[in-house]
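Quick look at query11.txt (compact mmCIF, C-alpha atoms):
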```txt
# COMPACT_ATOMS: atom_id res chain seq x y z
CA MET L 947 263.78 -57.55 51.80
CA LYS L 948 263.11 -53.93 50.89
CA PHE L 949 259.83 -52.58 52.18
CA THR L 950 257.77 -49.46 52.81
CA LYS L 951 255.85 -48.90 56.05
CA MET L 952 252.50 -47.19 55.40
CA HIS L 953 249.26 -46.61 57.28
CA GLY L 954 245.67 -45.61 56.66
CA ILE L 955 244.47 -43.70 59.76
CA GLY L 956 246.64 -45.87 62.01
CA ASN L 957 245.98 -49.24 60.33
CA ASP L 958 249.62 -49.93 59.50
CA TYR L 959 251.10 -52.51 57.14
CA VAL L 960 254.43 -53.37 55.63
CA TYR L 961 254.27 -53.04 51.83
CA VAL L 962 256.54 -54.89 49.45
CA ASN L 963 256.92 -54.09 45.75
CA CYS L 964 256.75 -57.54 44.18
CA PHE L 965 257.61 -56.10 40.78
CA ARG L 966 261.13 -56.00 42.26
CA GLU L 967 261.10 -58.30 45.29
CA THR L 968 260.26 -62.00 45.66
CA VAL L 969 258.65 -62.99 48.95
CA GLU L 970 258.64 -66.71 49.71
CA HIS L 971 256.30 -68.05 52.42
CA PRO L 972 254.51 -64.69 52.87
CA GLY L 973 252.45 -65.93 55.83
CA GLU L 974 255.59 -66.67 57.81
CA VAL L 975 257.11 -63.36 56.72
CA ALA L 976 253.96 -61.51 57.82
CA ALA L 977 254.12 -62.98 61.32
CA LYS L 978 257.82 -62.16 61.65
CA ILE L 979 257.79 -58.59 60.40
CA SER L 980 254.58 -57.70 62.27
CA ASP L 981 256.13 -58.34 65.68
CA ARG L 982 256.72 -54.98 67.34
CA HIS L 983 259.70 -56.18 69.38
CA PHE L 984 261.59 -58.45 66.96
CA GLY L 985 260.29 -57.20 63.62
CA ILE L 986 259.16 -53.95 62.04
CA GLY L 987 255.81 -53.71 63.78
CA SER L 988 252.56 -53.67 61.83
CA ASP L 989 249.07 -55.11 61.50
CA GLY L 990 250.34 -57.33 58.68
CA LEU L 991 251.99 -57.59 55.28
CA ILE L 992 250.70 -56.41 51.90
CA LEU L 993 252.32 -57.46 48.63
CA ILE L 994 251.90 -55.27 45.54
CA CYS L 995 252.02 -57.60 42.55
CA PRO L 996 251.41 -57.70 38.79
CA SER L 997 247.90 -58.67 37.70
CA GLU L 998 246.51 -60.20 34.53
CA VAL L 999 243.03 -58.75 35.09
CA ALA L 1000 243.66 -55.34 36.71
CA ASP L 1001 246.35 -52.66 36.94
CA PHE L 1002 247.77 -54.25 40.11
CA ARG L 1003 247.13 -57.09 42.54
CA MET L 1004 247.13 -56.82 46.32
CA ASP L 1005 247.89 -59.85 48.51
CA MET L 1006 247.23 -59.19 52.19
CA TYR L 1007 248.37 -61.21 55.23
CA ASN L 1008 247.39 -60.66 58.86
CA SER L 1009 249.88 -60.45 61.70
CA ASP L 1010 249.21 -64.10 62.60
CA GLY L 1011 250.17 -65.22 59.08
CA SER L 1012 246.64 -65.91 57.84
CA GLN L 1013 245.67 -64.47 54.48
CA GLY L 1014 242.92 -61.86 54.31
CA ALA L 1015 240.56 -61.32 51.41
CA MET L 1016 240.44 -57.52 51.47
CA CYS L 1017 241.74 -54.52 53.42
CA GLY L 1018 240.12 -51.12 52.92
CA ASN L 1019 242.88 -49.06 54.52
CA GLY L 1020 245.49 -51.24 52.87
CA ILE L 1021 244.16 -50.80 49.36
CA ARG L 1022 244.27 -47.01 49.72
CA CYS L 1023 247.95 -47.28 50.64
CA VAL L 1024 248.53 -49.53 47.63
CA ALA L 1025 247.07 -46.76 45.46
CA LYS L 1026 249.36 -44.19 47.06
CA TYR L 1027 252.40 -46.44 46.67
CA VAL L 1028 251.94 -47.22 42.98
CA TYR L 1029 251.44 -43.55 42.13
CA ASP L 1030 254.02 -41.97 44.44
CA TYR L 1031 256.70 -44.53 43.54
CA GLY L 1032 256.13 -44.21 39.80
CA LEU L 1033 254.47 -47.54 38.98
CA THR L 1034 251.62 -45.62 37.33
CA ASP L 1035 250.71 -42.07 36.37
CA LYS L 1036 246.96 -42.75 36.31
CA THR L 1037 244.64 -41.27 38.91
CA GLN L 1038 241.99 -43.95 38.32
CA ILE L 1039 243.27 -47.50 38.80
CA SER L 1040 241.98 -51.03 39.38
CA VAL L 1041 243.36 -53.42 41.98
CA GLU L 1042 242.76 -57.18 42.05
CA THR L 1043 242.02 -58.61 45.51
CA LYS L 1044 240.83 -61.94 46.88
CA SER L 1045 237.35 -60.42 47.03
CA GLY L 1046 237.34 -59.16 43.45
CA ILE L 1047 238.58 -56.16 41.47
CA LYS L 1048 238.25 -52.79 43.20
CA TYR L 1049 238.28 -49.41 41.44
CA LEU L 1050 240.02 -46.43 43.00
CA GLU L 1051 240.09 -42.69 42.37
CA LEU L 1052 243.21 -40.84 43.53
CA THR L 1053 243.34 -37.21 44.65
CA VAL L 1054 246.86 -35.85 44.07
CA LYS L 1055 248.36 -32.80 45.79
CA ASP L 1056 251.90 -31.55 45.14
CA GLY L 1057 252.69 -34.69 43.15
CA LYS L 1058 251.65 -37.11 45.92
CA VAL L 1059 248.43 -38.96 46.63
CA ALA L 1060 246.54 -37.34 49.51
CA LEU L 1061 243.12 -39.02 49.42
CA VAL L 1062 241.77 -42.19 47.83
CA LYS L 1063 238.15 -43.03 47.05
CA VAL L 1064 237.48 -46.74 46.72
CA ASP L 1065 234.49 -48.39 45.07
CA MET L 1066 234.12 -51.31 47.47
CA GLY L 1067 231.35 -52.97 45.47
CA ALA L 1068 228.07 -54.42 46.69
CA PRO L 1069 227.76 -55.44 50.35
CA ILE L 1070 226.90 -59.09 50.95
CA LEU L 1071 223.92 -59.63 53.24
CA GLU L 1072 223.06 -63.30 52.65
CA PRO L 1073 224.09 -65.21 55.80
CA GLY L 1074 225.58 -68.17 53.93
CA ARG L 1075 227.89 -65.92 51.92
CA ILE L 1076 229.12 -63.79 54.85
CA PRO L 1077 229.32 -66.52 56.35
CA VAL L 1078 227.19 -66.75 59.50
CA THR L 1079 225.05 -69.74 60.44
CA LEU L 1080 222.13 -67.85 62.01
CA PRO L 1081 218.72 -68.31 60.31
CA GLY L 1082 217.07 -65.67 58.12
CA ASP L 1083 217.51 -63.88 54.80
CA GLN L 1084 219.51 -61.14 56.49
CA ILE L 1085 221.08 -60.85 59.94
CA VAL L 1086 219.84 -57.42 61.01
CA ASP L 1087 219.41 -56.55 64.71
CA GLN L 1088 219.32 -60.21 65.70
CA PRO L 1089 220.06 -61.49 69.22
CA LEU L 1090 223.32 -63.33 69.96
CA GLN L 1091 224.65 -64.50 73.30
CA VAL L 1092 228.40 -64.19 73.69
CA SER L 1093 230.18 -65.22 76.89
CA GLY L 1094 226.87 -65.28 78.74
CA LYS L 1095 225.82 -61.77 77.71
CA ASP L 1096 223.07 -60.83 75.23
CA TYR L 1097 223.89 -58.61 72.25
CA ARG L 1098 222.03 -57.38 69.15
CA ILE L 1099 224.08 -57.91 65.99
CA THR L 1100 223.98 -57.09 62.28
CA CYS L 1101 226.18 -59.06 59.88
CA VAL L 1102 227.61 -57.79 56.59
CA SER L 1103 230.45 -58.80 54.29
CA VAL L 1104 232.37 -56.17 52.33
CA GLY L 1105 235.09 -58.54 51.18
CA ASN L 1106 235.54 -59.73 54.77
CA PRO L 1107 232.89 -60.95 57.24
CA HIS L 1108 231.80 -58.34 59.80
CA CYS L 1109 229.60 -58.39 62.89
CA ILE L 1110 228.36 -54.95 63.98
CA VAL L 1111 227.46 -54.61 67.67
CA PRO L 1112 225.94 -51.46 69.29
CA VAL L 1113 227.33 -50.78 72.76
CA GLN L 1114 226.78 -48.05 75.35
CA ASP L 1115 230.45 -47.18 75.94
CA VAL L 1116 232.82 -47.66 73.02
CA ASP L 1117 235.84 -46.08 74.73
CA GLY L 1118 235.47 -48.09 77.93
CA LEU L 1119 234.85 -51.42 76.23
CA LYS L 1120 237.24 -54.19 77.29
CA ILE L 1121 237.69 -55.21 73.69
CA GLU L 1122 240.68 -57.49 74.33
CA GLN L 1123 238.39 -59.68 76.44
CA ILE L 1124 235.20 -59.76 74.36
CA GLY L 1125 236.79 -59.43 70.91
CA PRO L 1126 238.20 -62.99 70.72
CA ASP L 1127 234.87 -64.41 71.93
CA PHE L 1128 233.08 -62.82 68.97
CA GLU L 1129 235.89 -63.70 66.53
CA ASN L 1130 235.74 -67.40 67.42
CA HIS L 1131 232.00 -67.75 68.11
CA GLU L 1132 230.51 -70.93 66.65
CA VAL L 1133 228.08 -69.04 64.39
CA PHE L 1134 231.03 -67.65 62.38
CA PRO L 1135 232.64 -70.61 60.60
CA ASP L 1136 235.44 -68.46 59.09
CA ARG L 1137 235.80 -66.29 62.21
CA VAL L 1138 234.67 -62.68 62.02
CA ASN L 1139 235.75 -59.07 62.37
CA THR L 1140 233.69 -57.32 65.05
CA GLU L 1141 232.83 -53.62 65.09
CA PHE L 1142 231.59 -52.18 68.39
CA ILE L 1143 229.75 -48.95 67.65
CA ARG L 1144 227.83 -46.01 69.08
CA VAL L 1145 225.69 -43.83 66.83
CA LEU L 1146 226.47 -40.20 67.71
CA ASP L 1147 223.96 -38.65 65.30
CA ARG L 1148 222.39 -39.30 61.89
CA ARG L 1149 225.69 -38.70 60.12
CA THR L 1150 228.34 -39.80 62.63
CA VAL L 1151 229.23 -43.17 64.16
CA GLN L 1152 232.02 -44.05 66.61
CA MET L 1153 233.66 -47.44 66.15
CA ARG L 1154 236.28 -49.76 67.59
CA VAL L 1155 237.24 -52.95 65.80
CA TRP L 1156 238.55 -56.38 66.69
CA GLU L 1157 239.94 -57.96 63.52
CA ARG L 1158 240.23 -61.70 63.03
CA GLY L 1159 243.89 -62.66 62.94
CA ALA L 1160 245.10 -59.24 64.08
CA GLY L 1161 243.26 -58.23 67.26
CA GLU L 1162 242.31 -54.60 67.87
CA THR L 1163 243.53 -52.28 65.13
CA TRP L 1164 243.26 -48.51 65.01
CA ALA L 1165 241.14 -48.63 61.87
CA CYS L 1166 239.44 -51.04 59.48
CA GLY L 1167 238.22 -49.83 56.10
CA THR L 1168 235.98 -52.77 55.25
CA GLY L 1169 234.68 -52.62 58.82
CA ALA L 1170 233.74 -48.95 58.45
CA CYS L 1171 231.89 -49.80 55.24
CA ALA L 1172 230.05 -52.65 56.96
CA VAL L 1173 229.13 -50.30 59.81
CA ALA L 1174 227.61 -47.80 57.38
CA VAL L 1175 225.55 -50.53 55.71
CA ALA L 1176 224.41 -51.88 59.08
CA CYS L 1177 223.40 -48.43 60.34
CA ILE L 1178 221.37 -47.76 57.20
CA LEU L 1179 219.67 -51.16 57.37
CA ASN L 1180 218.70 -50.46 60.98
CA GLY L 1181 217.47 -46.95 60.16
CA TRP L 1182 219.97 -45.27 62.47
CA THR L 1183 221.76 -42.98 59.99
CA GLU L 1184 221.68 -41.34 56.58
CA ARG L 1185 223.26 -42.99 53.54
CA GLU L 1186 226.49 -41.00 53.85
CA ILE L 1187 228.26 -40.94 57.21
CA THR L 1188 231.54 -40.23 58.95
CA VAL L 1189 232.92 -43.22 60.82
CA LYS L 1190 235.20 -42.15 63.66
CA LEU L 1191 237.89 -44.74 64.44
CA ARG L 1192 240.79 -44.69 66.89
CA GLY L 1193 243.18 -43.60 64.13
CA GLY L 1194 240.97 -41.05 62.36
CA ASP L 1195 237.87 -40.59 60.23
CA LEU L 1196 236.57 -42.29 57.08
CA GLN L 1197 233.79 -41.02 54.83
CA ILE L 1198 231.47 -43.86 53.82
CA SER L 1199 228.42 -43.80 51.55
CA TRP L 1200 226.14 -46.58 50.33
CA ASP L 1201 224.59 -45.88 46.93
CA GLN L 1202 221.64 -48.24 47.18
CA GLU L 1203 220.51 -47.56 43.60
CA LYS L 1204 223.87 -48.79 42.26
CA ASN L 1205 224.26 -51.08 45.29
CA THR L 1206 227.86 -50.13 45.89
CA VAL L 1207 229.71 -48.74 48.90
CA PHE L 1208 232.24 -45.92 48.54
CA MET L 1209 235.01 -45.29 51.05
CA THR L 1210 237.16 -42.14 51.07
CA GLY L 1211 240.15 -41.57 53.31
CA PRO L 1212 243.86 -40.72 53.53
CA ALA L 1213 246.95 -42.87 53.05
CA GLU L 1214 250.35 -42.10 54.56
CA THR L 1215 253.90 -43.26 53.98
CA VAL L 1216 255.92 -43.67 57.18
CA PHE L 1217 259.35 -44.84 55.98
CA ASP L 1218 261.30 -47.09 53.62
CA GLY L 1219 263.71 -49.72 54.87
CA GLU L 1220 265.27 -53.16 54.60
CA ILE L 1221 264.93 -56.15 56.86
CA ILE L 1222 266.96 -59.36 56.98
CA LEU L 1223 264.65 -62.39 56.96
```

Here is a file; write its structure as structure tokens.
Amino acid sequence: MKFTKMHGIGNDYVYVNCFRETVEHPGEVAAKISDRHFGIGSDGLILICPSEVADFRMDMYNSDGSQGAMCGNGIRCVAKYVYDYGLTDKTQISVETKSGIKYLELTVKDGKVALVKVDMGAPILEPGRIPVTLPGDQIVDQPLQVSGKDYRITCVSVGNPHCIVPVQDVDGLKIEQIGPDFENHEVFPDRVNTEFIRVLDRRTVQMRVWERGAGETWACGTGACAVAVACILNGWTEREITVKLRGGDLQISWDQEKNTVFMTGPAETVFDGEIIL
């Protein structure tokens, strides 16, 4: 199988051009190629496919083989791939995902995509649609006990379910211990991605993320979008912020008049290769 390794601020995936390649049992392939000792090493697998309703379709699989609905860093890399590898010459494209069609604007420098702005659509705040089983019209700054400790959480879906948790020390957090407890908590019937954050000022937020099916990753685009929405709902920040992740920074804004979230960030190609499955 021919592939391209790419990353968006450290959130790395293996990308396969399904205009040329056929990938059978993609969940099993994702688990195999994601292994950093016996495979390529990545947070998962992303297939770039033809679409009947958009310019392209993105199918995303986590490192445990489960299929994800959306990946913010991944979709920026899809945009870079299709332009840089000649599948399109347009700088405004649409990509079909499991969470709907997303619209992307590409910034090109020296013939290659350098930055991608993604219209992530409207954030979902209704608990039943996130999903989360806590009562209320919105889950904003609500108490939740996890592993015997009390937290205040805000829940948002931006294609994937997210739980945003303010903490005192983001860097020192033992995320590998608490992350799975949030992911598999009974109030999240489909599991959840958890963002542990500290608001640095009105325009800057630090974040670490534990992703369902992948564990801690260096970045999460939908998570950064959910964090921005959560911070605005709680009155902590302005509408446009920088989210600082382990792998780099993302610029996120929530246009509440249009009710859509915009994410802007880089996409990088690491290498091309082949792997025997």

### Message
Which residues are close to range 1013-1020 of chain L, i.e. within 7 Å by only C-alpha atoms, leaving aside same-chain residues fewer than 5 positions away? Reply as a ChimeraX atom specification.
### Response
/L:954,957,1006-1008,1043-1045,1105-1106,1166-1168

Writer output for current selection, C-alpha atoms, as a PDB file, in the frame of the given file:
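Written output follows (result-v2.pdb):
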```
ATOM      1  CA  GLY L 954     245.670 -45.610  56.660  1.00  0.00           C
ATOM      2  CA  ASN L 957     245.980 -49.240  60.330  1.00  0.00           C
ATOM      3  CA  MET L1006     247.230 -59.190  52.190  1.00  0.00           C
ATOM      4  CA  TYR L1007     248.370 -61.210  55.230  1.00  0.00           C
ATOM      5  CA  ASN L1008     247.390 -60.660  58.860  1.00  0.00           C
ATOM      6  CA  THR L1043     242.020 -58.610  45.510  1.00  0.00           C
ATOM      7  CA  LYS L1044     240.830 -61.940  46.880  1.00  0.00           C
ATOM      8  CA  SER L1045     237.350 -60.420  47.030  1.00  0.00           C
ATOM      9  CA  GLY L1105     235.090 -58.540  51.180  1.00  0.00           C
ATOM     10  CA  ASN L1106     235.540 -59.730  54.770  1.00  0.00           C
ATOM     11  CA  CYS L1166     239.440 -51.040  59.480  1.00  0.00           C
ATOM     12  CA  GLY L1167     238.220 -49.830  56.100  1.00  0.00           C
ATOM     13  CA  THR L1168     235.980 -52.770  55.250  1.00  0.00           C
TER      14      THR L1168
END
```

### Task
Find the spatial neighbours of range 986-997 of chain L, counting only C-alpha atoms, within a cut-off of 8 Å - ignore same-chain residues fewer than 3 positions away - and output them as a ChimeraX atom specification.
/L:957-965,972,975-977,979-983,1000-1011,1020,1024,1042,1160,1163

### Query
If we count only C-alpha atoms, what is near range 1188-1199 of chain L at a cut-off of 8 Å, once residues fewer than 2 positions away on the same chain are taken out, given as a ChimeraX atom specification?
/L:955-957,1149-1154,1164-1165,1167,1170-1171,1174,1185-1186,1201,1207-1211

### Query
Pick from L:Val1092, L:Val1064, L:Ile1021, L:Leu1052: nearest to Gln1123 in chain L, with all atoms listed in the file counted?
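Among L:Val1092, L:Val1064, L:Ile1021, L:Leu1052, it is L:Val1092 that comes nearest to Gln1123 in chain L.
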
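Each of L:Ala1213, L:Cys1109, L:Thr968, L:Arg1158 was checked against Tyr1029 in chain L using only C-alpha atoms; the smallest atom-to-atom distance is that of L:Ala1213.
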
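Residue nearest Thr1206 in chain L, chosen from L:Ile1070, L:Val1028, L:Ile1039, L:Val1133 and counting all atoms listed in the file: L:Ile1070.
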
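Minimum distance to Glu967 in chain L across L:Lys1095, L:Lys948, L:Pro1126, L:Gly1074 (counting all atoms listed in the file) occurs at L:Lys948.
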
### Task
Counting only C-alpha atoms, note down every residue that has an atom within 9 Å of the point (229.6, -55.0, 66.7) (file coordinates), as a VMD selection string.
chain L and resid 1097 to 1101 1108 to 1113 1128 1139 to 1143 1153 to 1155 1173

Please enclose the listed atoms of range 1164-1177 of chain L in an axis-aligned box, pad each side by 6 Å, and write out the centre and the three edge lengths in Å, rounded to one decimal, as AutoDock Vina command-line options.
```
--center_x 233.3 --center_y -50.3 --center_z 60.1 --size_x 31.9 --size_y 17.0 --size_z 21.8
```

### Query
Expressed in Å to a single decimal, how great is the separation between CA of Pro1069 in chain L and CA of Pro1135 in chain L?
18.9 Å

Mind completing range 1022-1047 of chain L with N, CA, C and O atoms? Output as a JSON list (two decimals), keeping the file's coordinate frame, please?
```json
[["chain", "number", "residue", "atom", "x", "y", "z"],
["L", 1022, "ARG", "N", 243.99, -48.42, 49.95],
["L", 1022, "ARG", "CA", 244.27, -47.01, 49.72],
["L", 1022, "ARG", "C", 245.77, -46.75, 49.73],
["L", 1022, "ARG", "O", 246.28, -45.97, 48.92],
["L", 1023, "CYS", "N", 246.49, -47.44, 50.61],
["L", 1023, "CYS", "CA", 247.95, -47.28, 50.64],
["L", 1023, "CYS", "C", 248.60, -47.88, 49.40],
["L", 1023, "CYS", "O", 249.61, -47.37, 48.91],
["L", 1024, "VAL", "N", 248.03, -48.97, 48.89],
["L", 1024, "VAL", "CA", 248.53, -49.53, 47.63],
["L", 1024, "VAL", "C", 248.42, -48.49, 46.52],
["L", 1024, "VAL", "O", 249.35, -48.28, 45.73],
["L", 1025, "ALA", "N", 247.27, -47.80, 46.47],
["L", 1025, "ALA", "CA", 247.07, -46.76, 45.46],
["L", 1025, "ALA", "C", 248.11, -45.65, 45.60],
["L", 1025, "ALA", "O", 248.67, -45.17, 44.60],
["L", 1026, "LYS", "N", 248.36, -45.24, 46.84],
["L", 1026, "LYS", "CA", 249.36, -44.19, 47.06],
["L", 1026, "LYS", "C", 250.74, -44.67, 46.64],
["L", 1026, "LYS", "O", 251.51, -43.94, 45.99],
["L", 1027, "TYR", "N", 251.07, -45.91, 46.99],
["L", 1027, "TYR", "CA", 252.40, -46.44, 46.67],
["L", 1027, "TYR", "C", 252.63, -46.46, 45.16],
["L", 1027, "TYR", "O", 253.66, -45.97, 44.67],
["L", 1028, "VAL", "N", 251.69, -47.03, 44.41],
["L", 1028, "VAL", "CA", 251.94, -47.22, 42.98],
["L", 1028, "VAL", "C", 252.03, -45.89, 42.25],
["L", 1028, "VAL", "O", 252.75, -45.78, 41.24],
["L", 1029, "TYR", "N", 251.34, -44.86, 42.75],
["L", 1029, "TYR", "CA", 251.44, -43.55, 42.13],
["L", 1029, "TYR", "C", 252.70, -42.82, 42.59],
["L", 1029, "TYR", "O", 253.50, -42.35, 41.77],
["L", 1030, "ASP", "N", 252.90, -42.74, 43.90],
["L", 1030, "ASP", "CA", 254.02, -41.97, 44.44],
["L", 1030, "ASP", "C", 255.36, -42.54, 44.04],
["L", 1030, "ASP", "O", 256.34, -41.82, 43.86],
["L", 1031, "TYR", "N", 255.43, -43.88, 43.88],
["L", 1031, "TYR", "CA", 256.70, -44.53, 43.54],
["L", 1031, "TYR", "C", 256.84, -44.80, 42.04],
["L", 1031, "TYR", "O", 257.73, -45.53, 41.61],
["L", 1032, "GLY", "N", 255.95, -44.21, 41.25],
["L", 1032, "GLY", "CA", 256.13, -44.21, 39.80],
["L", 1032, "GLY", "C", 255.74, -45.47, 39.08],
["L", 1032, "GLY", "O", 256.14, -45.67, 37.92],
["L", 1033, "LEU", "N", 254.92, -46.34, 39.69],
["L", 1033, "LEU", "CA", 254.47, -47.54, 38.98],
["L", 1033, "LEU", "C", 253.30, -47.24, 38.05],
["L", 1033, "LEU", "O", 252.96, -48.05, 37.19],
["L", 1034, "THR", "N", 252.68, -46.08, 38.23],
["L", 1034, "THR", "CA", 251.62, -45.62, 37.33],
["L", 1034, "THR", "C", 251.54, -44.11, 37.40],
["L", 1034, "THR", "O", 251.96, -43.50, 38.40],
["L", 1035, "ASP", "N", 250.99, -43.50, 36.34],
["L", 1035, "ASP", "CA", 250.71, -42.07, 36.37],
["L", 1035, "ASP", "C", 249.21, -41.81, 36.27],
["L", 1035, "ASP", "O", 248.77, -40.68, 36.13],
["L", 1036, "LYS", "N", 248.42, -42.87, 36.39],
["L", 1036, "LYS", "CA", 246.96, -42.75, 36.31],
["L", 1036, "LYS", "C", 246.37, -42.39, 37.68],
["L", 1036, "LYS", "O", 246.89, -42.83, 38.71],
["L", 1037, "THR", "N", 245.32, -41.62, 37.66],
["L", 1037, "THR", "CA", 244.64, -41.27, 38.91],
["L", 1037, "THR", "C", 243.34, -42.07, 39.08],
["L", 1037, "THR", "O", 242.63, -41.88, 40.06],
["L", 1038, "GLN", "N", 243.07, -42.98, 38.17],
["L", 1038, "GLN", "CA", 241.99, -43.95, 38.32],
["L", 1038, "GLN", "C", 242.58, -45.32, 38.00],
["L", 1038, "GLN", "O", 243.04, -45.55, 36.87],
["L", 1039, "ILE", "N", 242.62, -46.20, 38.98],
["L", 1039, "ILE", "CA", 243.27, -47.50, 38.80],
["L", 1039, "ILE", "C", 242.35, -48.62, 39.29],
["L", 1039, "ILE", "O", 241.37, -48.38, 40.00],
["L", 1040, "SER", "N", 242.69, -49.83, 38.90],
["L", 1040, "SER", "CA", 241.98, -51.03, 39.38],
["L", 1040, "SER", "C", 242.98, -51.92, 40.10],
["L", 1040, "SER", "O", 244.14, -52.02, 39.71],
["L", 1041, "VAL", "N", 242.51, -52.55, 41.17],
["L", 1041, "VAL", "CA", 243.36, -53.42, 41.98],
["L", 1041, "VAL", "C", 242.63, -54.74, 42.19],
["L", 1041, "VAL", "O", 241.50, -54.78, 42.68],
["L", 1042, "GLU", "N", 243.30, -55.84, 41.84],
["L", 1042, "GLU", "CA", 242.76, -57.18, 42.05],
["L", 1042, "GLU", "C", 242.97, -57.59, 43.50],
["L", 1042, "GLU", "O", 244.07, -57.44, 44.04],
["L", 1043, "THR", "N", 241.92, -58.09, 44.15],
["L", 1043, "THR", "CA", 242.02, -58.61, 45.51],
["L", 1043, "THR", "C", 241.36, -59.98, 45.57],
["L", 1043, "THR", "O", 240.72, -60.42, 44.61],
["L", 1044, "LYS", "N", 241.47, -60.63, 46.70],
["L", 1044, "LYS", "CA", 240.83, -61.94, 46.88],
["L", 1044, "LYS", "C", 239.31, -61.83, 46.87],
["L", 1044, "LYS", "O", 238.62, -62.83, 46.71],
["L", 1045, "SER", "N", 238.79, -60.62, 47.06],
["L", 1045, "SER", "CA", 237.35, -60.42, 47.03],
["L", 1045, "SER", "C", 236.89, -59.69, 45.77],
["L", 1045, "SER", "O", 235.83, -59.08, 45.75],
["L", 1046, "GLY", "N", 237.72, -59.75, 44.73],
["L", 1046, "GLY", "CA", 237.34, -59.16, 43.45],
["L", 1046, "GLY", "C", 238.16, -57.92, 43.11],
["L", 1046, "GLY", "O", 239.04, -57.51, 43.86],
["L", 1047, "ILE", "N", 237.87, -57.34, 41.95],
["L", 1047, "ILE", "CA", 238.58, -56.16, 41.47],
["L", 1047, "ILE", "C", 237.92, -54.91, 42.06],
["L", 1047, "ILE", "O", 236.70, -54.75, 42.01]]
```
